[in-house]
Amino acid sequence: MNTILTEYPYFCFLIKISPQYAIHMSKLQSKSEFYFIHLVIFFAGFSFLVYEVSWNRMLSLLLGATVSASTLVLMSFMAGFGMGAFYWGKFAASFKETARLLAFLLLGVGILSLLNYFMIISFLPALYDTFSGSEIAFTDGLVFSLALFLLFIPAFLMGGVIPVVSKIIIRSNVHFSSDLGRIYAIETLGSTLGGLTAGFILLGNIGQKNTVLLAVAINILLALFIFFFRKIGDSKTLKKHTDTLLEEKPGKPSKKYQKAALAATFISGLFILGLQVIWIRIFKIYLTNTSYTFALITSMVIFGLFVGSWIYKKHGDQFKNHIKLLTNALIFMGVFAFVGMFILIKLPELMMFPFGSLNELPFIRLIVIPAIASLLVVLPPSIVSGFIFPLACRIYSSDAKHVSKNVGFVLMCNTLGAVLGPLLAAFQLIPLLGVVKSILMLIVVLSIVVIYVFKARRKQIGLGAVALVILAFILFWGEIQILPPSFKKSERDILFYNETVEGTLVVAQEKTPGAFIRVSFVNNSAVIGSTYDAVKAVKMIGHIPFFAGLECEKALIVGFGMGVTTSAIAQHQEVKEIDCVEMVPGLKEAAPFYSELNNDVIDDPRVQMISGDGRHFLQKTSKKYDLISCDPTHPVLGSGNLYTQDYFELCKQHLNDGGLVSQYLPLHKLRLEDFLGIIKTFHTVFPNSTVWLGQYHAILLGSTRPLKIDFRKWQENVAKIPQEKFFYIDPYHFAVCVMMDDKTIQNFPDDIQINTDNLSYTEFFSMDCFDEDNLTNNLAYMAENRCNIHNVFYNIDDFQLMDRYLAGNEFLVESLYYYLKGDMNQSLSELRKAVEVNPEDEEYPFLIQFNFNVQK
């Protein structure tokens with residue numbers, strides 16, 4: 001006991017009991033056992049959220065990082081949890097050795113979770129190869145079903161922990177409410193810390209495998225400790241208190257009140273989990289899309305449940321009219337969600353713009369602002385939901401004799417709502433109504449349940465009127481658009497707006513007179529802009545492989561975007577099939593707004609649009625390609641799994657002999673060690689790699705064969721492409737864009753780390769990634785370590801001309817460096833030097849005019 005009090009002082013403070021209360025807890029052999037069982041609840045909750053975060057991440061790599069897949073994964077987990085709560089709660093009611101049952105559940109969770117890790121990592125992916133000859137739909141369905149089943153089983157055991165612990169702890173009707181509140185509070189506190197620890201610390205520092213093993217170790221150690229060293233909740237102790245229970249047992253609650261409690265806990269689960277899907281969708285539009293930001297928001301929901309249940313623990317025994325309290329709680333939950341909706345609509349003005357220049361600090365932008373927004377929007381209704389669950393348990397189970405059975409049944413109803421909430425929000429409400437009206441519709445549904453629970457006629461009429469007004473607003477009010485913060489600061493005409501299951505797509509045009517600048521966003525991530533540097537880079541991704549001599553009939557594009565890379569590939573007439581995998585379906589409808597850049601490629605009969613996650617498509621298809629091109633969003637902004645060794649291996653497996661992979665690589669928002677690490681990772685899979693520079697962006701080019709380019713053929717291939725106004729077709733100009741070859745990459749510092757699915761520094765990144773100097777540091781490294789162009793090209797007829805182009809490009813890179821540093825005079829000076837040494841390159845005069853509005 002002394003050890004527990006010394007090592008866990010704050011925990012003991014949370015569950016501190018008075019001498020009177022100790023009498024009612026005398027079923028435990030000592031206070032140390034009392035503290036121990038609560039530590040079990042805490043660490044069980046901690047490990048359960050570590051598993052959930054880990055499983056969601058692993059299955060997103062297997063099934064695709066789509067909202068559809070993650071919602072179904074969450075539903076499977078919650079369904080297993082709810083059914084387990086019902087089954088084990090009922091089983092525990094008649095099972096005498098409760099402690100052994102608890103040990104069995106924890107041991108089972110640990111063992112099954114360990115097996116799950118290896119099944120998800122190795123067995124399930126192998127099924128795609130095993131059934132490669134079958135229909136993709138069959139194999140995909142089989143893998144998906146097995147994955148959900150693997151999730152369901154340990155979740156089924158997890159669901160039994162709270163009902164079983166309730167039976168161990170609650171043996172008296174005295175402080176019945178506070179017991180329930182405390183059990184749920186401590187479990188949700190552990191869950192909150194487990195989610196935060198997994199997302200912010202464990203996965204990024206010890207990796208996916210070790211994170212799962214840690215949770216497994218916690219479960220097994222708790223189980224062994226309970227089984228061998230602790231005798232809690234044994235049948236003898238229970239027998240001693242049977243008389244007390246019978247004496248203290250109040251009258252049986254009416255079925256009407258029990259139905260009301262079940263309805264309330266059901267709608268509470270549906271409402272909060274449905275709101276969580278919508279909240280995250282809206283936050284994705286406003287906030288920087290990182291794993292840290294949304295781990296924080298999700299954990300805030302669970303923390304709200306902890307706070308609400310702890311409030312009930314402190315005051316639950318004081319309440320007498322439980323139905324009235326339950327009704328008021330449901331009303332407050334709806335009111336808080338309504339107020340939070342208005343805060344979300346005005347979030348940039350209320351909580352982002354007031355920070356001013358501080359908003360540029362990564363910690364402020366990624367942590368502080370999401371935390372404040374979550375406190376104001378997410379926390380209040382979550383607190384009420386956390387208060388409702390133990391209250392509903394108290395109403396449904398007014399005595400302690402069958403507490404495990406009753407708590408298990410209430411928990412099942414709560415998780416049933418939690419299963420349906422995300423399904424309703426993600427697949428029905430958001431696509432049909434949009435995110436704002438989806439919140440209002442959930443409030444309408446909540447109001448209907450409150451009317452059912454609260455039988456006072458006047459209150460029913462009032463709530464019914466409110467619901468009708470909100471419903472009329474939903475039906476007759478126009479579209480309510482949620483736009484990225486940058487749209488609030490600059491005047492833009494909205495050309496296209498579409499809310500889909502996977503994200504909100506916006507296409508807009510700047511109102512600057514005489515300028516033709518269009519921007520496209522999926523949530524808060526720019527898909528493409530019509531700025532010169534962006535267009536040049538994405539076109540180079542499509543063209544460079546063909547200039548290098550690729551013989552291509554079948555091409556795969558991962559991330560259609562606005563179709564600019566696809567259009568570049570389509571210009572090469574030898575290509576017969578172009579498969580484009582795009583996660584956000586609305587991008588196909590938005591592509592015509594960029595017809596001057598993508599040449600209406602969406603109408604090309606060779607182009608086949610495939611909806612879904614590109615990485616998952618590679619896992620499930622047996623098709624091979626001559627070219628795989630990938631132009632995703634920034635790796636630290638949601639596409640980190642497209643920059644790992646595992647993904648590059650997938651690409652290699654689906655390349656025909658002699659095929660090429662071209663991939664976008666940003667220079668910004670990556671530390672030098674991360675930038676070099678991605679290149680080194682790519683090189684481990686494609687030893688014949690080169691890195692090319694397109695203004696402020698890099699392109700990775702990897703081959704299954706040694707990559708040595710015949711410059712004469714290079715010239716012939718470039719000549720096949722028609723001239724464009726803002727894309728200079730010049731073989732020498734493109735050739736000197738090569739910055740690194742395999743020898744350069746082999747000379748990287750030894751401490752540069754490989755990026756893997758298990759330990760990904762693009763997904764779990766350092767805040768230093770947002771340092772503005774990263775772009776110039778990476779650019780400077782490339783300039784200082786430029787490869788010998790003759791290691792890449794041969795058959796160069798005019799060496800002097802190539803040298804002039806090379807010298808001009810070196811001055812261009814210097815100009816870009818100073819431009820980014822803000823030294824415009826030096827930048828212009830370097831660019832003029834480029835013109836002097838390389839007057840043949842038409843791009844330099846254009847850049848002088850474009851960037852500085854002066855003649856050369």
# chains A, B, ... in the order shown; residues from 1 in each chain; ligands from 1
>>> residues_around(residues="A:Met58", least_positions_apart="4", cutoff="8 Å", atoms="only C-alpha atoms", output="PyMOL selection string")
chain A and resi 54+62+120-121
>>> write_last_selection(atoms="all heavy atoms", output="PDB file, in the first residue's frame")
ATOM      1  N   SER A  54      -3.142   2.681 -32.650  1.00  0.00           N
ATOM      2  CA  SER A  54      -2.227   1.850 -33.447  1.00  0.00           C
ATOM      3  C   SER A  54      -2.970   1.089 -34.528  1.00  0.00           C
ATOM      4  O   SER A  54      -2.531   1.038 -35.688  1.00  0.00           O
ATOM      5  CB  SER A  54      -1.477   0.873 -32.536  1.00  0.00           C
ATOM      6  OG  SER A  54      -0.699   1.557 -31.585  1.00  0.00           O
ATOM      7  N   LEU A  62      -3.152  -0.431 -44.594  1.00  0.00           N
ATOM      8  CA  LEU A  62      -3.586  -1.636 -45.298  1.00  0.00           C
ATOM      9  C   LEU A  62      -4.829  -1.393 -46.148  1.00  0.00           C
ATOM     10  O   LEU A  62      -4.890  -1.806 -47.316  1.00  0.00           O
ATOM     11  CB  LEU A  62      -3.877  -2.753 -44.286  1.00  0.00           C
ATOM     12  CG  LEU A  62      -4.443  -4.058 -44.846  1.00  0.00           C
ATOM     13  CD1 LEU A  62      -3.387  -4.770 -45.692  1.00  0.00           C
ATOM     14  CD2 LEU A  62      -4.924  -4.964 -43.719  1.00  0.00           C
ATOM     15  N   ILE A 120      -2.028  -8.192 -39.110  1.00  0.00           N
ATOM     16  CA  ILE A 120      -2.249  -6.991 -39.923  1.00  0.00           C
ATOM     17  C   ILE A 120      -1.005  -6.630 -40.722  1.00  0.00           C
ATOM     18  O   ILE A 120      -1.097  -6.208 -41.880  1.00  0.00           O
ATOM     19  CB  ILE A 120      -2.676  -5.812 -39.017  1.00  0.00           C
ATOM     20  CG1 ILE A 120      -4.040  -6.093 -38.385  1.00  0.00           C
ATOM     21  CG2 ILE A 120      -2.730  -4.511 -39.805  1.00  0.00           C
ATOM     22  CD1 ILE A 120      -4.455  -5.074 -37.338  1.00  0.00           C
ATOM     23  N   ILE A 121       0.163  -6.819 -40.124  1.00  0.00           N
ATOM     24  CA  ILE A 121       1.408  -6.448 -40.795  1.00  0.00           C
ATOM     25  C   ILE A 121       1.812  -7.455 -41.870  1.00  0.00           C
ATOM     26  O   ILE A 121       2.296  -7.067 -42.947  1.00  0.00           O
ATOM     27  CB  ILE A 121       2.549  -6.308 -39.762  1.00  0.00           C
ATOM     28  CG1 ILE A 121       2.300  -5.114 -38.846  1.00  0.00           C
ATOM     29  CG2 ILE A 121       3.899  -6.170 -40.448  1.00  0.00           C
ATOM     30  CD1 ILE A 121       2.267  -3.780 -39.564  1.00  0.00           C
TER      31      ILE A 121
END
>>> select_by_dssp(residues="stretch 343-536 of chain A", states="helix (DSSP H, G or I)", output="PyMOL selection string")
chain A and resi 343-345+347-360+362-377+379-396+403-433+435-453+457-476+486-489+532-536
>>> closest_residue(among="A:Leu39, A:Val738, A:Ile162, A:Leu350", to="A:Met782", atoms="only C-alpha atoms")
A:Val738
>>> residues_around(residues="stretch 805-817 of chain A", least_positions_apart="4", cutoff="7 Å", atoms="only C-alpha atoms", output="PyMOL selection string")
chain A and resi 732-733+736+776+801+821+827-828+830-831+833-835+837-838
>>> write_last_selection(atoms="all heavy atoms", output="short mmCIF file (atom, residue, chain, number, x, y, z; two decimals), in the first residue's frame")
data_model
loop_
_atom_site.label_atom_id
_atom_site.label_comp_id
_atom_site.auth_asym_id
_atom_site.auth_seq_id
_atom_site.Cartn_x
_atom_site.Cartn_y
_atom_site.Cartn_z
N TYR A 732 18.31 21.29 -73.15
CA TYR A 732 19.42 21.66 -72.27
C TYR A 732 18.90 22.22 -70.95
O TYR A 732 19.45 21.93 -69.88
CB TYR A 732 20.33 22.69 -72.97
CG TYR A 732 21.18 22.11 -74.06
CD1 TYR A 732 20.72 22.05 -75.38
CD2 TYR A 732 22.45 21.61 -73.78
CE1 TYR A 732 21.50 21.51 -76.39
CE2 TYR A 732 23.24 21.07 -74.79
CZ TYR A 732 22.76 21.03 -76.09
OH TYR A 732 23.54 20.49 -77.08
N HIS A 733 17.85 23.01 -71.03
CA HIS A 733 17.26 23.59 -69.83
C HIS A 733 16.82 22.50 -68.85
O HIS A 733 17.08 22.59 -67.65
CB HIS A 733 16.06 24.47 -70.22
CG HIS A 733 15.25 24.95 -69.06
ND1 HIS A 733 15.58 26.08 -68.35
CD2 HIS A 733 14.13 24.46 -68.48
CE1 HIS A 733 14.69 26.27 -67.38
NE2 HIS A 733 13.80 25.30 -67.44
N VAL A 736 19.95 20.29 -67.21
CA VAL A 736 20.74 20.84 -66.10
C VAL A 736 19.93 20.95 -64.81
O VAL A 736 20.46 21.38 -63.78
CB VAL A 736 21.32 22.22 -66.46
CG1 VAL A 736 22.30 22.10 -67.62
CG2 VAL A 736 20.22 23.24 -66.78
N THR A 776 15.45 26.98 -47.77
CA THR A 776 16.75 27.47 -48.26
C THR A 776 17.89 26.54 -47.88
O THR A 776 18.85 26.38 -48.64
CB THR A 776 17.01 28.88 -47.72
OG1 THR A 776 16.84 28.89 -46.29
CG2 THR A 776 16.04 29.88 -48.33
N LEU A 801 27.87 24.48 -74.97
CA LEU A 801 26.50 24.93 -74.74
C LEU A 801 25.96 24.35 -73.44
O LEU A 801 25.29 25.06 -72.66
CB LEU A 801 25.61 24.52 -75.92
CG LEU A 801 24.13 24.98 -75.83
CD1 LEU A 801 24.04 26.49 -75.72
CD2 LEU A 801 23.35 24.46 -77.04
N LYS A 821 15.26 34.30 -49.17
CA LYS A 821 15.82 34.99 -48.01
C LYS A 821 15.34 36.43 -47.91
O LYS A 821 15.58 37.10 -46.89
CB LYS A 821 17.34 34.97 -48.07
CG LYS A 821 17.98 33.63 -47.72
CD LYS A 821 17.81 33.30 -46.25
CE LYS A 821 18.60 32.09 -45.84
NZ LYS A 821 18.43 31.78 -44.39
N SER A 827 18.98 38.69 -55.49
CA SER A 827 18.29 37.71 -56.30
C SER A 827 18.23 38.16 -57.76
O SER A 827 18.50 37.38 -58.68
CB SER A 827 16.87 37.48 -55.77
OG SER A 827 16.15 36.60 -56.59
N LEU A 828 17.88 39.43 -57.96
CA LEU A 828 17.82 39.97 -59.32
C LEU A 828 19.21 39.98 -59.96
O LEU A 828 19.36 39.66 -61.15
CB LEU A 828 17.24 41.38 -59.29
CG LEU A 828 17.16 42.12 -60.63
CD1 LEU A 828 16.31 41.34 -61.63
CD2 LEU A 828 16.60 43.53 -60.41
N GLU A 830 21.71 37.90 -59.39
CA GLU A 830 22.10 36.54 -59.77
C GLU A 830 21.35 36.11 -61.03
O GLU A 830 21.91 35.41 -61.89
CB GLU A 830 21.79 35.57 -58.63
CG GLU A 830 22.57 35.82 -57.35
CD GLU A 830 24.07 35.60 -57.52
OE1 GLU A 830 24.46 34.75 -58.36
OE2 GLU A 830 24.85 36.30 -56.86
N LEU A 831 20.11 36.53 -61.14
CA LEU A 831 19.33 36.14 -62.31
C LEU A 831 19.86 36.83 -63.57
O LEU A 831 19.88 36.25 -64.67
CB LEU A 831 17.86 36.50 -62.07
CG LEU A 831 16.80 35.72 -62.87
CD1 LEU A 831 17.03 34.22 -62.76
CD2 LEU A 831 15.41 36.08 -62.37
N LYS A 833 22.96 37.59 -64.00
CA LYS A 833 24.17 36.85 -64.33
C LYS A 833 23.83 35.61 -65.14
O LYS A 833 24.58 35.22 -66.06
CB LYS A 833 24.92 36.46 -63.06
CG LYS A 833 25.52 37.62 -62.28
CD LYS A 833 26.18 37.12 -61.01
CE LYS A 833 26.69 38.28 -60.15
NZ LYS A 833 27.27 37.80 -58.86
N ALA A 834 22.72 34.97 -64.80
CA ALA A 834 22.28 33.78 -65.55
C ALA A 834 22.01 34.13 -67.00
O ALA A 834 22.37 33.37 -67.92
CB ALA A 834 21.04 33.18 -64.89
N VAL A 835 21.41 35.31 -67.21
CA VAL A 835 21.13 35.75 -68.58
C VAL A 835 22.43 36.00 -69.35
O VAL A 835 22.55 35.66 -70.53
CB VAL A 835 20.25 37.02 -68.57
CG1 VAL A 835 20.08 37.56 -69.99
CG2 VAL A 835 18.90 36.73 -67.93
N VAL A 837 25.48 34.66 -68.89
CA VAL A 837 26.26 33.46 -69.24
C VAL A 837 25.47 32.49 -70.10
O VAL A 837 26.05 31.64 -70.79
CB VAL A 837 26.76 32.73 -67.97
CG1 VAL A 837 27.65 33.64 -67.14
CG2 VAL A 837 25.60 32.19 -67.14
N ASN A 838 24.14 32.60 -70.06
CA ASN A 838 23.29 31.64 -70.77
C ASN A 838 22.11 32.36 -71.44
O ASN A 838 20.95 32.19 -71.07
CB ASN A 838 22.78 30.59 -69.77
CG ASN A 838 21.97 29.48 -70.41
OD1 ASN A 838 21.21 28.83 -69.74
ND2 ASN A 838 22.14 29.24 -71.71
#
>>> closest_residue(among="A:Ile474, A:Met740, A:Val277, A:Ile848", to="A:Ser68", atoms="only C-alpha atoms")
A:Val277
>>> closest_residue(among="A:Val564, A:Val535, A:Leu700, A:Leu101", to="A:Trp88", atoms="only C-alpha atoms")
A:Leu101
>>> residues_around(residues="stretch 770-774 of chain A", least_positions_apart="4", cutoff="10 Å", atoms="only C-alpha atoms", output="PyMOL selection string")
chain A and resi 360-363+636+667-672+675+765-766+778-780+820-821
>>> write_last_selection(atoms="all heavy atoms", output="compact mmCIF listing (two decimals), in the first residue's frame")
# COMPACT_ATOMS: atom_id res chain seq x y z
N GLU A 360 2.41 32.10 -36.90
CA GLU A 360 3.45 31.48 -37.72
C GLU A 360 4.32 30.52 -36.93
O GLU A 360 5.05 29.73 -37.51
CB GLU A 360 4.33 32.58 -38.34
CG GLU A 360 3.56 33.54 -39.24
CD GLU A 360 2.86 32.82 -40.38
OE1 GLU A 360 3.48 31.91 -40.97
OE2 GLU A 360 1.70 33.16 -40.66
N LEU A 361 4.26 30.60 -35.59
CA LEU A 361 5.04 29.68 -34.77
C LEU A 361 4.39 28.31 -34.79
O LEU A 361 3.18 28.18 -34.53
CB LEU A 361 5.12 30.20 -33.32
CG LEU A 361 5.80 31.56 -33.13
CD1 LEU A 361 5.71 31.99 -31.66
CD2 LEU A 361 7.27 31.49 -33.56
N PRO A 362 5.13 27.25 -35.12
CA PRO A 362 4.54 25.92 -35.24
C PRO A 362 3.77 25.48 -33.99
O PRO A 362 2.69 24.90 -34.11
CB PRO A 362 5.76 25.02 -35.50
CG PRO A 362 6.77 25.92 -36.11
CD PRO A 362 6.57 27.26 -35.46
N PHE A 363 4.33 25.73 -32.82
CA PHE A 363 3.66 25.27 -31.59
C PHE A 363 2.31 25.96 -31.42
O PHE A 363 1.34 25.33 -31.01
CB PHE A 363 4.56 25.55 -30.37
CG PHE A 363 3.96 25.05 -29.08
CD1 PHE A 363 3.99 23.70 -28.77
CD2 PHE A 363 3.38 25.93 -28.19
CE1 PHE A 363 3.43 23.24 -27.58
CE2 PHE A 363 2.83 25.48 -27.00
CZ PHE A 363 2.86 24.12 -26.70
N VAL A 636 4.23 15.87 -44.46
CA VAL A 636 3.87 16.10 -43.06
C VAL A 636 2.45 16.62 -42.93
O VAL A 636 1.97 16.87 -41.82
CB VAL A 636 4.85 17.08 -42.36
CG1 VAL A 636 6.27 16.61 -42.50
CG2 VAL A 636 4.69 18.50 -42.87
N LEU A 667 10.73 20.88 -50.88
CA LEU A 667 11.90 21.34 -50.15
C LEU A 667 11.51 22.05 -48.86
O LEU A 667 12.31 22.15 -47.94
CB LEU A 667 12.74 22.30 -51.01
CG LEU A 667 13.78 21.67 -51.95
CD1 LEU A 667 13.11 20.90 -53.07
CD2 LEU A 667 14.70 22.74 -52.52
N HIS A 668 10.28 22.54 -48.79
CA HIS A 668 9.82 23.26 -47.61
C HIS A 668 9.20 22.30 -46.60
O HIS A 668 8.84 21.17 -46.93
CB HIS A 668 8.80 24.33 -47.99
CG HIS A 668 7.54 23.78 -48.60
ND1 HIS A 668 7.50 23.17 -49.84
CD2 HIS A 668 6.26 23.74 -48.13
CE1 HIS A 668 6.27 22.78 -50.11
NE2 HIS A 668 5.50 23.11 -49.09
N LYS A 669 9.11 22.75 -45.34
CA LYS A 669 8.52 21.98 -44.24
C LYS A 669 9.19 20.61 -44.04
O LYS A 669 8.57 19.66 -43.56
CB LYS A 669 7.01 21.80 -44.42
CG LYS A 669 6.21 23.08 -44.31
CD LYS A 669 4.71 22.79 -44.35
CE LYS A 669 3.90 24.05 -44.16
NZ LYS A 669 4.00 24.99 -45.27
N LEU A 670 10.46 20.52 -44.42
CA LEU A 670 11.26 19.33 -44.14
C LEU A 670 12.63 19.77 -43.67
O LEU A 670 13.30 20.55 -44.34
CB LEU A 670 11.42 18.46 -45.40
CG LEU A 670 10.20 17.68 -45.90
CD1 LEU A 670 10.53 17.01 -47.23
CD2 LEU A 670 9.75 16.64 -44.89
N ARG A 671 13.03 19.26 -42.50
CA ARG A 671 14.40 19.52 -42.06
C ARG A 671 15.37 18.87 -43.05
O ARG A 671 15.00 17.95 -43.78
CB ARG A 671 14.63 18.94 -40.66
CG ARG A 671 13.74 19.52 -39.57
CD ARG A 671 13.96 18.78 -38.26
NE ARG A 671 13.70 17.35 -38.40
CZ ARG A 671 13.98 16.44 -37.48
NH1 ARG A 671 14.57 16.80 -36.35
NH2 ARG A 671 13.70 15.16 -37.69
N LEU A 672 16.61 19.34 -43.06
CA LEU A 672 17.58 18.80 -44.00
C LEU A 672 17.71 17.29 -43.81
O LEU A 672 17.76 16.54 -44.80
CB LEU A 672 18.94 19.48 -43.81
CG LEU A 672 20.06 18.98 -44.73
CD1 LEU A 672 19.69 19.19 -46.20
CD2 LEU A 672 21.38 19.69 -44.39
N PHE A 675 14.66 15.70 -45.39
CA PHE A 675 14.73 15.82 -46.85
C PHE A 675 15.71 14.79 -47.43
O PHE A 675 15.37 14.04 -48.35
CB PHE A 675 15.16 17.24 -47.20
CG PHE A 675 15.34 17.50 -48.67
CD1 PHE A 675 14.25 17.58 -49.51
CD2 PHE A 675 16.61 17.66 -49.20
CE1 PHE A 675 14.42 17.82 -50.87
CE2 PHE A 675 16.80 17.90 -50.55
CZ PHE A 675 15.69 17.98 -51.39
N PHE A 765 6.47 14.01 -37.08
CA PHE A 765 7.58 14.88 -37.43
C PHE A 765 7.95 15.81 -36.27
O PHE A 765 7.19 16.00 -35.32
CB PHE A 765 7.21 15.72 -38.65
CG PHE A 765 5.90 16.45 -38.48
CD1 PHE A 765 5.83 17.68 -37.86
CD2 PHE A 765 4.72 15.86 -38.93
CE1 PHE A 765 4.63 18.32 -37.69
CE2 PHE A 765 3.51 16.51 -38.75
CZ PHE A 765 3.46 17.74 -38.13
N SER A 766 9.12 16.40 -36.41
CA SER A 766 9.56 17.41 -35.46
C SER A 766 8.92 18.75 -35.80
O SER A 766 8.69 19.07 -36.97
CB SER A 766 11.09 17.55 -35.51
OG SER A 766 11.52 18.71 -34.86
N ASN A 778 17.73 23.26 -47.64
CA ASN A 778 17.67 22.12 -48.56
C ASN A 778 18.13 22.52 -49.96
O ASN A 778 18.83 21.77 -50.64
CB ASN A 778 16.25 21.56 -48.61
CG ASN A 778 15.81 20.95 -47.28
OD1 ASN A 778 16.63 20.48 -46.51
ND2 ASN A 778 14.51 20.99 -47.01
N LEU A 779 17.73 23.73 -50.37
CA LEU A 779 18.15 24.23 -51.67
C LEU A 779 19.66 24.42 -51.72
O LEU A 779 20.32 24.05 -52.71
CB LEU A 779 17.44 25.55 -51.97
CG LEU A 779 17.61 26.15 -53.36
CD1 LEU A 779 17.01 25.23 -54.42
CD2 LEU A 779 16.98 27.54 -53.43
N ALA A 780 20.22 24.97 -50.63
CA ALA A 780 21.67 25.19 -50.58
C ALA A 780 22.42 23.87 -50.61
O ALA A 780 23.47 23.75 -51.27
CB ALA A 780 22.02 25.98 -49.32
N LEU A 820 14.20 33.75 -51.64
CA LEU A 820 13.54 33.19 -50.46
C LEU A 820 14.03 33.84 -49.17
O LEU A 820 13.28 33.92 -48.19
CB LEU A 820 13.79 31.68 -50.40
CG LEU A 820 13.13 30.86 -51.53
CD1 LEU A 820 13.69 29.44 -51.53
CD2 LEU A 820 11.62 30.85 -51.37
N LYS A 821 15.26 34.30 -49.17
CA LYS A 821 15.82 34.99 -48.01
C LYS A 821 15.34 36.43 -47.91
O LYS A 821 15.58 37.10 -46.89
CB LYS A 821 17.34 34.97 -48.07
CG LYS A 821 17.98 33.63 -47.72
CD LYS A 821 17.81 33.30 -46.25
CE LYS A 821 18.60 32.09 -45.84
NZ LYS A 821 18.43 31.78 -44.39
>>> atom_distance(atom1="atom CA of A:Gly80", atom2="atom CA of A:Ser254")
29.2 Å
>>> closest_residue(among="A:Phe156, A:Glu33, A:Ser299, A:Tyr781", to="A:Leu193", atoms="only C-alpha atoms")
A:Ser299
>>> closest_residue(among="A:Gly274, A:Gly659, A:Gly417, A:Pro354", to="A:Ser438", atoms="only C-alpha atoms")
A:Gly274
>>> residues_around(residues="stretch 310-325 of chain A", least_positions_apart="3", cutoff="9 Å", atoms="only C-alpha atoms", output="PyMOL selection string")
chain A and resi 174-186+257+260-261+305-307+328-330+383+386-388+390-392+394-395+453-454
>>> closest_residue(among="A:Thr566, A:Ile430, A:Leu627, A:Gln619", to="A:Asp603", atoms="only C-alpha atoms")
A:Thr566
>>> atom_distance(atom1="atom CA of A:Asp741", atom2="atom CA of A:Leu701")
9.7 Å
>>> select_by_dssp(residues="stretch 495-565 of chain A", states="strand (DSSP E or B)", output="number ranges by chain")
A: 495-499, 504-510, 518-522, 525-529, 554-558
>>> residues_around(residues="A:Asn788", least_positions_apart="4", cutoff="12 Å", atoms="only C-alpha atoms", output="PyMOL selection string")
chain A and resi 690+735-744+783-784+792-794+802-803+806
>>> residues_around(residues="stretch 484-495 of chain A", least_positions_apart="2", cutoff="12 Å", atoms="only C-alpha atoms", output="VMD selection string")
chain A and resid 281 to 289 344 to 353 359 481 to 482 497 to 498 504 to 513 515 to 526 589 to 594
>>> decode(residues="stretch 821-831 of chain A", atoms="N, CA and C atoms", output="compact mmCIF listing (two decimals), in the first residue's frame")
# COMPACT_ATOMS: atom_id res chain seq x y z
N LYS A 821 15.26 34.30 -49.17
CA LYS A 821 15.82 34.99 -48.01
C LYS A 821 15.34 36.43 -47.91
N GLY A 822 14.67 36.90 -48.94
CA GLY A 822 14.15 38.27 -48.92
C GLY A 822 15.10 39.31 -49.46
N ASP A 823 16.25 38.88 -49.99
CA ASP A 823 17.22 39.81 -50.56
C ASP A 823 16.94 39.93 -52.06
N MET A 824 16.00 40.83 -52.40
CA MET A 824 15.54 40.93 -53.78
C MET A 824 16.62 41.48 -54.71
N ASN A 825 17.42 42.40 -54.23
CA ASN A 825 18.47 42.97 -55.08
C ASN A 825 19.48 41.91 -55.50
N GLN A 826 19.92 41.11 -54.53
CA GLN A 826 20.89 40.06 -54.85
C GLN A 826 20.25 38.99 -55.74
N SER A 827 18.98 38.69 -55.49
CA SER A 827 18.29 37.71 -56.30
C SER A 827 18.23 38.16 -57.76
N LEU A 828 17.88 39.43 -57.96
CA LEU A 828 17.82 39.97 -59.32
C LEU A 828 19.21 39.98 -59.96
N SER A 829 20.22 40.30 -59.18
CA SER A 829 21.59 40.33 -59.69
C SER A 829 22.02 38.95 -60.17
N GLU A 830 21.71 37.90 -59.39
CA GLU A 830 22.10 36.54 -59.77
C GLU A 830 21.35 36.11 -61.03
N LEU A 831 20.11 36.53 -61.14
CA LEU A 831 19.33 36.14 -62.31
C LEU A 831 19.86 36.83 -63.57
